[in-house]
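*Asks:* Structure file target.cif, mmCIF, C-alpha atoms, is pasted below:
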data_run
loop_
_atom_site.label_atom_id
_atom_site.label_comp_id
_atom_site.auth_asym_id
_atom_site.auth_seq_id
_atom_site.Cartn_x
_atom_site.Cartn_y
_atom_site.Cartn_z
CA MET Q 718 2.88 -14.17 -48.51
CA LYS Q 719 6.05 -12.36 -47.47
CA LEU Q 720 6.84 -10.34 -44.33
CA ASN Q 721 6.98 -7.00 -46.17
CA THR Q 722 3.47 -7.46 -47.60
CA LEU Q 723 2.10 -8.57 -44.21
CA LEU Q 724 3.32 -5.37 -42.54
CA GLU Q 725 1.62 -3.19 -45.16
CA LYS Q 726 -1.73 -4.74 -44.36
CA LEU Q 727 -1.31 -4.16 -40.62
CA LYS Q 728 -0.80 -0.40 -40.95
CA ASN Q 729 -3.98 1.67 -40.63
CA LYS Q 730 -4.38 4.49 -43.11
CA ARG Q 731 -4.67 7.96 -41.62
CA ASN Q 732 -8.19 9.32 -41.98
CA ARG Q 733 -7.89 12.50 -44.10
CA VAL Q 734 -10.74 14.86 -43.32
CA GLY Q 735 -12.04 17.88 -45.23
CA ARG Q 736 -11.51 16.36 -48.71
CA GLY Q 737 -14.93 16.93 -50.25
CA PRO Q 738 -18.45 15.57 -49.76
CA GLY Q 739 -17.69 12.17 -51.31
CA SER Q 740 -15.26 11.27 -48.52
CA GLY Q 741 -17.96 11.26 -45.82
CA LEU Q 742 -15.91 13.73 -43.76
CA GLY Q 743 -15.99 16.81 -45.97
CA LYS Q 744 -17.18 20.38 -45.29
CA THR Q 745 -17.15 20.48 -41.46
CA SER Q 746 -14.70 17.56 -41.19
CA GLY Q 747 -16.79 15.66 -38.63
CA ARG Q 748 -16.80 18.60 -36.20
CA GLY Q 749 -20.46 19.53 -36.59
CA GLN Q 750 -21.91 23.02 -36.90
CA LYS Q 751 -20.47 25.91 -34.87
CA GLY Q 752 -19.74 25.71 -31.12
CA ALA Q 753 -16.52 25.18 -29.21
CA GLY Q 754 -15.95 21.72 -30.69
CA ALA Q 755 -15.87 23.16 -34.20
CA ARG Q 756 -13.11 25.64 -33.34
CA SER Q 757 -9.40 24.97 -33.57
CA GLY Q 758 -7.60 24.41 -30.29
CA HIS Q 759 -10.67 23.01 -28.53
CA LYS Q 760 -9.95 20.43 -25.82
CA ARG Q 761 -12.93 18.61 -24.33
CA ARG Q 762 -12.81 18.39 -20.54
CA LEU Q 763 -13.52 14.90 -19.29
CA THR Q 764 -16.21 16.09 -16.87
CA TYR Q 765 -17.76 18.79 -19.08
CA GLU Q 766 -21.51 18.39 -19.64
CA GLY Q 767 -22.44 21.14 -22.06
CA GLY Q 768 -22.54 23.92 -19.49
CA GLY Q 769 -24.85 22.08 -17.09
CA VAL Q 770 -23.93 21.26 -13.52
CA ARG Q 771 -21.43 18.43 -13.60
CA PHE Q 772 -22.34 15.02 -12.26
CA PHE Q 773 -19.77 14.90 -9.47
CA LEU Q 774 -20.99 18.28 -8.18
CA LYS Q 775 -24.51 16.89 -7.84
CA LEU Q 776 -23.34 14.06 -5.58
CA PRO Q 777 -23.63 14.64 -1.82
CA THR Q 778 -20.52 15.19 0.24
CA ARG Q 779 -20.24 12.85 3.18
CA GLY Q 780 -18.41 13.16 6.44
CA PHE Q 781 -16.14 15.94 7.66
CA SER Q 782 -12.65 16.88 6.59
CA ASN Q 783 -10.46 18.85 8.94
CA ALA Q 784 -8.10 19.82 6.08
CA ARG Q 785 -9.57 23.34 5.81
CA PHE Q 786 -8.68 24.05 9.43
CA ARG Q 787 -5.24 22.43 9.53
CA LYS Q 788 -2.52 24.60 11.00
CA LYS Q 789 0.63 23.92 9.00
CA LEU Q 790 3.99 23.90 10.78
CA ASP Q 791 6.93 25.81 9.35
CA SER Q 792 10.17 23.87 9.08
CA ILE Q 793 13.83 24.59 9.66
CA ASN Q 794 16.97 22.47 9.23
CA LEU Q 795 19.92 21.88 11.55
CA LYS Q 796 22.25 23.53 9.01
CA GLN Q 797 20.22 26.75 9.10
CA ILE Q 798 20.44 26.88 12.90
CA ASP Q 799 24.19 26.22 12.73
CA ASP Q 800 24.64 29.13 10.29
CA ALA Q 801 22.43 31.64 12.15
CA PHE Q 802 23.16 31.00 15.84
CA SER Q 803 26.31 30.97 17.98
CA ASP Q 804 27.24 28.91 21.07
CA GLY Q 805 25.04 29.29 24.15
CA GLU Q 806 22.08 30.93 22.39
CA ALA Q 807 18.49 29.76 22.69
CA VAL Q 808 16.64 28.74 19.53
CA THR Q 809 12.93 29.55 19.91
CA ILE Q 810 10.15 30.62 17.56
CA GLU Q 811 10.66 34.25 18.65
CA THR Q 812 14.43 34.24 18.00
CA LEU Q 813 13.88 32.60 14.60
CA LYS Q 814 11.37 35.34 13.68
CA GLN Q 815 13.86 38.01 14.77
CA ARG Q 816 16.51 36.46 12.49
CA GLY Q 817 14.06 36.66 9.56
CA PHE Q 818 13.31 32.96 9.07
CA PHE Q 819 9.53 33.45 9.16
CA SER Q 820 7.25 36.35 8.38
CA GLY Q 821 3.62 36.51 9.39
CA PRO Q 822 1.80 34.23 11.80
CA THR Q 823 3.34 30.88 12.55
CA TYR Q 824 1.54 27.93 14.15
CA GLY Q 825 4.73 26.20 15.18
CA VAL Q 826 8.13 25.15 13.88
CA LYS Q 827 9.42 21.64 13.18
CA LEU Q 828 13.13 20.88 13.23
CA LEU Q 829 14.36 18.68 10.38
CA ALA Q 830 17.67 16.79 10.25
CA HIS Q 831 19.31 18.17 7.09
CA GLY Q 832 22.88 19.21 7.82
CA GLU Q 833 24.95 19.05 10.99
CA LEU Q 834 24.76 21.14 14.17
CA SER Q 835 28.19 21.79 15.70
CA LYS Q 836 27.24 24.60 18.12
CA LYS Q 837 25.94 24.04 21.65
CA VAL Q 838 22.55 25.75 21.64
CA THR Q 839 19.31 25.08 23.51
CA ILE Q 840 16.37 24.40 21.22
CA GLU Q 841 12.70 24.94 22.13
CA LEU Q 842 10.43 24.23 19.17
CA SER Q 843 7.01 22.71 18.44
CA ALA Q 844 8.13 19.44 16.85
CA PHE Q 845 11.23 17.44 15.93
CA SER Q 846 11.75 14.80 13.24
CA LYS Q 847 13.04 11.39 14.41
CA ALA Q 848 16.34 11.86 12.57
CA ALA Q 849 16.78 15.32 14.13
CA ILE Q 850 16.21 13.89 17.62
CA GLU Q 851 18.87 11.23 16.98
CA LYS Q 852 21.38 13.85 15.80
CA LEU Q 853 20.66 16.16 18.76
CA GLU Q 854 21.04 13.31 21.26
CA ALA Q 855 24.29 12.20 19.63
CA ALA Q 856 25.64 15.77 19.85
CA LYS Q 857 24.32 16.10 23.45
CA ILE Q 858 22.36 19.25 22.65
CA GLN Q 859 19.45 20.22 24.91
CA PHE Q 860 16.05 20.37 23.22
CA LYS Q 861 12.50 20.69 24.44
CA THR Q 862 9.07 20.49 22.80
CA VAL Q 863 6.96 23.62 23.32
CA LYS Q 864 3.35 24.14 22.26
#
Just dump the structure as structure tokens.

*Replies:*
Amino acid sequence: MKLNTLLEKLKNKRNRVGRGPGSGLGKTSGRGQKGAGARSGHKRRLTYEGGGVRFFLKLPTRGFSNARFRKKLDSINLKQIDDAFSDGEAVTIETLKQRGFFSGPTYGVKLLAHGELSKKVTIELSAFSKAAIEKLEAAKIQFKTVK
């Protein structure tokens, strides 16, 4: 036995469907009669159960999730404040709205540390990232957490 003959035996032949009744997969090509599975382009969903209510929907839900009621904070970076504000100005949620940073209701603003802040401004926002606090303290800029 040689290596080239061994490899030929390992390869599986592709199953050719729709080649007559003698092949065992003729006529409907193993797709059955009619229905979505018989059509081209059909993809079977893993959880699909023939139009009935799916198993995971029948299971009871347990506990309580607060995710539906979460109030998401908007975010802003140090670079954006540096571009939009000048020395001595106060950065608050109201002034940010006036400058067009946020439209619609906002549940608070978190300051993130991307970029550098070279201007001396006072910042009053809902939350600060750890890296932003370090940068503000290093630059000796006044900041305060407001609800």

*Asks:* Given the choices Q:Ala784, Q:Ile858, Q:Leu776, Q:Leu853, which gets closest to Val838 in chain Q if the distance is worked out from only C-alpha atoms?

*Replies:*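 Between Q:Ala784, Q:Ile858, Q:Leu776, Q:Leu853, the residue approaching Val838 in chain Q most closely is Q:Ile858.
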
*Asks:* Figure out the distance between CA of Gly758 in chain Q and CA of Val734 in chain Q, please, to one decimal in Å.

*Replies:*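 Rounded to one decimal, the two atoms are 16.5 Å apart.
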
*Asks:* From (22.1, 18.8, 23.7), in the file's coordinates, out to 9 Å: which residues are reached, counting only C-alpha atoms? Answer as a list in words.

*Replies:*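 The requested residues, written out, are Lys837, Val838, Thr839, Ile840, Leu853, Glu854, Ala855, Ala856, Lys857, Ile858, Gln859 and Phe860 of chain Q.
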
*Asks:* To test your reading of the syntax: which residues would the PyMOL selection byres ((chain Q and resi 832) around 6) return for the file shown? Reply as a list in words.

*Replies:*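 When the PyMOL selection byres ((chain Q and resi 832) around 6) is applied to the shown file, the picked residues are Leu795, Lys796, His831 and Glu833 of chain Q.
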
*Asks:* May I have the residues within 12 Å of range 750-752 of chain Q as an NGL selection string, using all atoms listed in the file and disregarding those fewer than 6 positions away in the same chain?

*Replies:* :Q and (744 or 759 or 761 or 767)

*Asks:* For CA of Gly749 in chain Q and CA of Gly735 in chain Q, quote the distance in Å rounded to one decimal.

*Replies:*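 Going from CA of Gly749 in chain Q over to CA of Gly735 in chain Q, I get 12.2 Å.
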
*Asks:* Residues near Arg787 in chain Q, anyone? I mean within 10 Å using only C-alpha atoms, not counting same-chain ones fewer than 4 positions away, as an mmCIF file with C-alpha atoms, keeping the file's coordinate frame.

*Replies:*
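The resulting out-v7.cif:
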data_model
loop_
_atom_site.group_PDB
_atom_site.id
_atom_site.type_symbol
_atom_site.label_atom_id
_atom_site.label_comp_id
_atom_site.auth_asym_id
_atom_site.auth_seq_id
_atom_site.Cartn_x
_atom_site.Cartn_y
_atom_site.Cartn_z
ATOM 1 C CA SER Q 782 -12.650 16.880 6.590
ATOM 2 C CA ASN Q 783 -10.460 18.850 8.940
ATOM 3 C CA TYR Q 824 1.540 27.930 14.150
#

*Asks:* Mind pulling up the distance from CA of Asp804 in chain Q to CA of Leu829 in chain Q?

*Replies:*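 Those two atoms sit 19.6 Å apart.
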
*Asks:* Residues near Leu790 in chain Q, anyone? I mean within 9 Å using all atoms listed in the file, not counting same-chain ones fewer than 4 positions away, as a list in words.

*Replies:*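 Near neighbours after the sequence-gap exclusion: Thr823, Tyr824, Gly825, Val826, Lys827, Ser843 and Ala844 of chain Q.
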
*Asks:* Between Q:Glu841, Q:Asp800, Q:Glu811, Q:Asp791, single out the one closest to Val863 in chain Q, counting all atoms listed in the file.

*Replies:*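 Using all atoms listed in the file, Val863 in chain Q sits closest to Q:Glu841.
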
*Asks:* Of the candidates Q:Val808, Q:Ala755, Q:Ala848, Q:Ile793, which shows the shortest atom-to-atom distance to Lys836 in chain Q, using all atoms listed in the file?

*Replies:* Q:Val808

*Asks:* Taking all atoms listed in the file into account, name the residue in Q:Thr764, Q:Gln815, Q:Ser803, Q:Asn794 that is nearest to Lys852 in chain Q.

*Replies:* Q:Asn794

*Asks:* Skipping near chain neighbours, those fewer than 6 positions away, what residues fall within 12 Å of Ser757 in chain Q using all atoms listed in the file, listed as a count of residues only?

*Replies:* 4

*Asks:* Kindly complete range 751-776 of chain Q to N, CA and C atoms; the output should be written as a short mmCIF file (atom, residue, chain, number, x, y, z; two decimals), in the coordinates of the input.

*Replies:*
data_model
loop_
_atom_site.label_atom_id
_atom_site.label_comp_id
_atom_site.auth_asym_id
_atom_site.auth_seq_id
_atom_site.Cartn_x
_atom_site.Cartn_y
_atom_site.Cartn_z
N LYS Q 751 -20.78 24.89 -35.87
CA LYS Q 751 -20.47 25.91 -34.87
C LYS Q 751 -20.09 25.33 -33.50
N GLY Q 752 -20.04 26.16 -32.48
CA GLY Q 752 -19.74 25.71 -31.12
C GLY Q 752 -18.25 25.52 -30.88
N ALA Q 753 -17.92 25.29 -29.61
CA ALA Q 753 -16.52 25.18 -29.21
C ALA Q 753 -15.82 24.01 -29.89
N GLY Q 754 -16.56 22.90 -30.08
CA GLY Q 754 -15.95 21.72 -30.69
C GLY Q 754 -15.57 21.92 -32.13
N ALA Q 755 -16.18 22.89 -32.80
CA ALA Q 755 -15.87 23.16 -34.20
C ALA Q 755 -14.66 24.06 -34.34
N ARG Q 756 -14.23 24.69 -33.28
CA ARG Q 756 -13.11 25.64 -33.34
C ARG Q 756 -11.78 24.92 -33.19
N SER Q 757 -10.74 25.54 -33.72
CA SER Q 757 -9.40 24.97 -33.57
C SER Q 757 -8.92 25.21 -32.14
N GLY Q 758 -8.14 24.28 -31.64
CA GLY Q 758 -7.60 24.41 -30.29
C GLY Q 758 -8.54 23.96 -29.20
N HIS Q 759 -9.71 23.43 -29.57
CA HIS Q 759 -10.67 23.01 -28.53
C HIS Q 759 -10.22 21.70 -27.90
N LYS Q 760 -10.23 21.66 -26.56
CA LYS Q 760 -9.95 20.43 -25.82
C LYS Q 760 -11.16 20.15 -24.95
N ARG Q 761 -11.74 18.98 -25.09
CA ARG Q 761 -12.93 18.61 -24.33
C ARG Q 761 -12.52 18.17 -22.93
N ARG Q 762 -13.06 18.82 -21.91
CA ARG Q 762 -12.81 18.39 -20.54
C ARG Q 762 -13.55 17.10 -20.28
N LEU Q 763 -12.95 16.20 -19.53
CA LEU Q 763 -13.52 14.90 -19.29
C LEU Q 763 -14.86 15.00 -18.57
N THR Q 764 -14.99 15.98 -17.67
CA THR Q 764 -16.21 16.09 -16.87
C THR Q 764 -17.21 17.09 -17.42
N TYR Q 765 -16.90 17.73 -18.55
CA TYR Q 765 -17.76 18.79 -19.08
C TYR Q 765 -19.07 18.22 -19.60
N GLU Q 766 -20.19 18.88 -19.24
CA GLU Q 766 -21.51 18.39 -19.64
C GLU Q 766 -22.33 19.48 -20.31
N GLY Q 767 -21.72 20.16 -21.27
CA GLY Q 767 -22.44 21.14 -22.06
C GLY Q 767 -22.87 22.38 -21.31
N GLY Q 768 -22.20 22.73 -20.26
CA GLY Q 768 -22.54 23.92 -19.49
C GLY Q 768 -23.48 23.64 -18.34
N GLY Q 769 -23.99 22.43 -18.23
CA GLY Q 769 -24.85 22.08 -17.09
C GLY Q 769 -24.00 21.77 -15.86
N VAL Q 770 -24.66 21.59 -14.75
CA VAL Q 770 -23.93 21.26 -13.52
C VAL Q 770 -23.37 19.85 -13.68
N ARG Q 771 -22.10 19.69 -13.38
CA ARG Q 771 -21.43 18.43 -13.60
C ARG Q 771 -21.88 17.37 -12.61
N PHE Q 772 -21.80 16.13 -13.04
CA PHE Q 772 -22.34 15.02 -12.26
C PHE Q 772 -21.73 14.95 -10.87
N PHE Q 773 -20.41 15.07 -10.78
CA PHE Q 773 -19.77 14.90 -9.47
C PHE Q 773 -20.13 16.04 -8.52
N LEU Q 774 -20.56 17.18 -9.05
CA LEU Q 774 -20.99 18.28 -8.18
C LEU Q 774 -22.39 18.04 -7.63
N LYS Q 775 -23.17 17.19 -8.31
CA LYS Q 775 -24.51 16.89 -7.84
C LYS Q 775 -24.51 15.85 -6.71
N LEU Q 776 -23.42 15.10 -6.60
CA LEU Q 776 -23.34 14.06 -5.58
C LEU Q 776 -23.19 14.68 -4.20
#
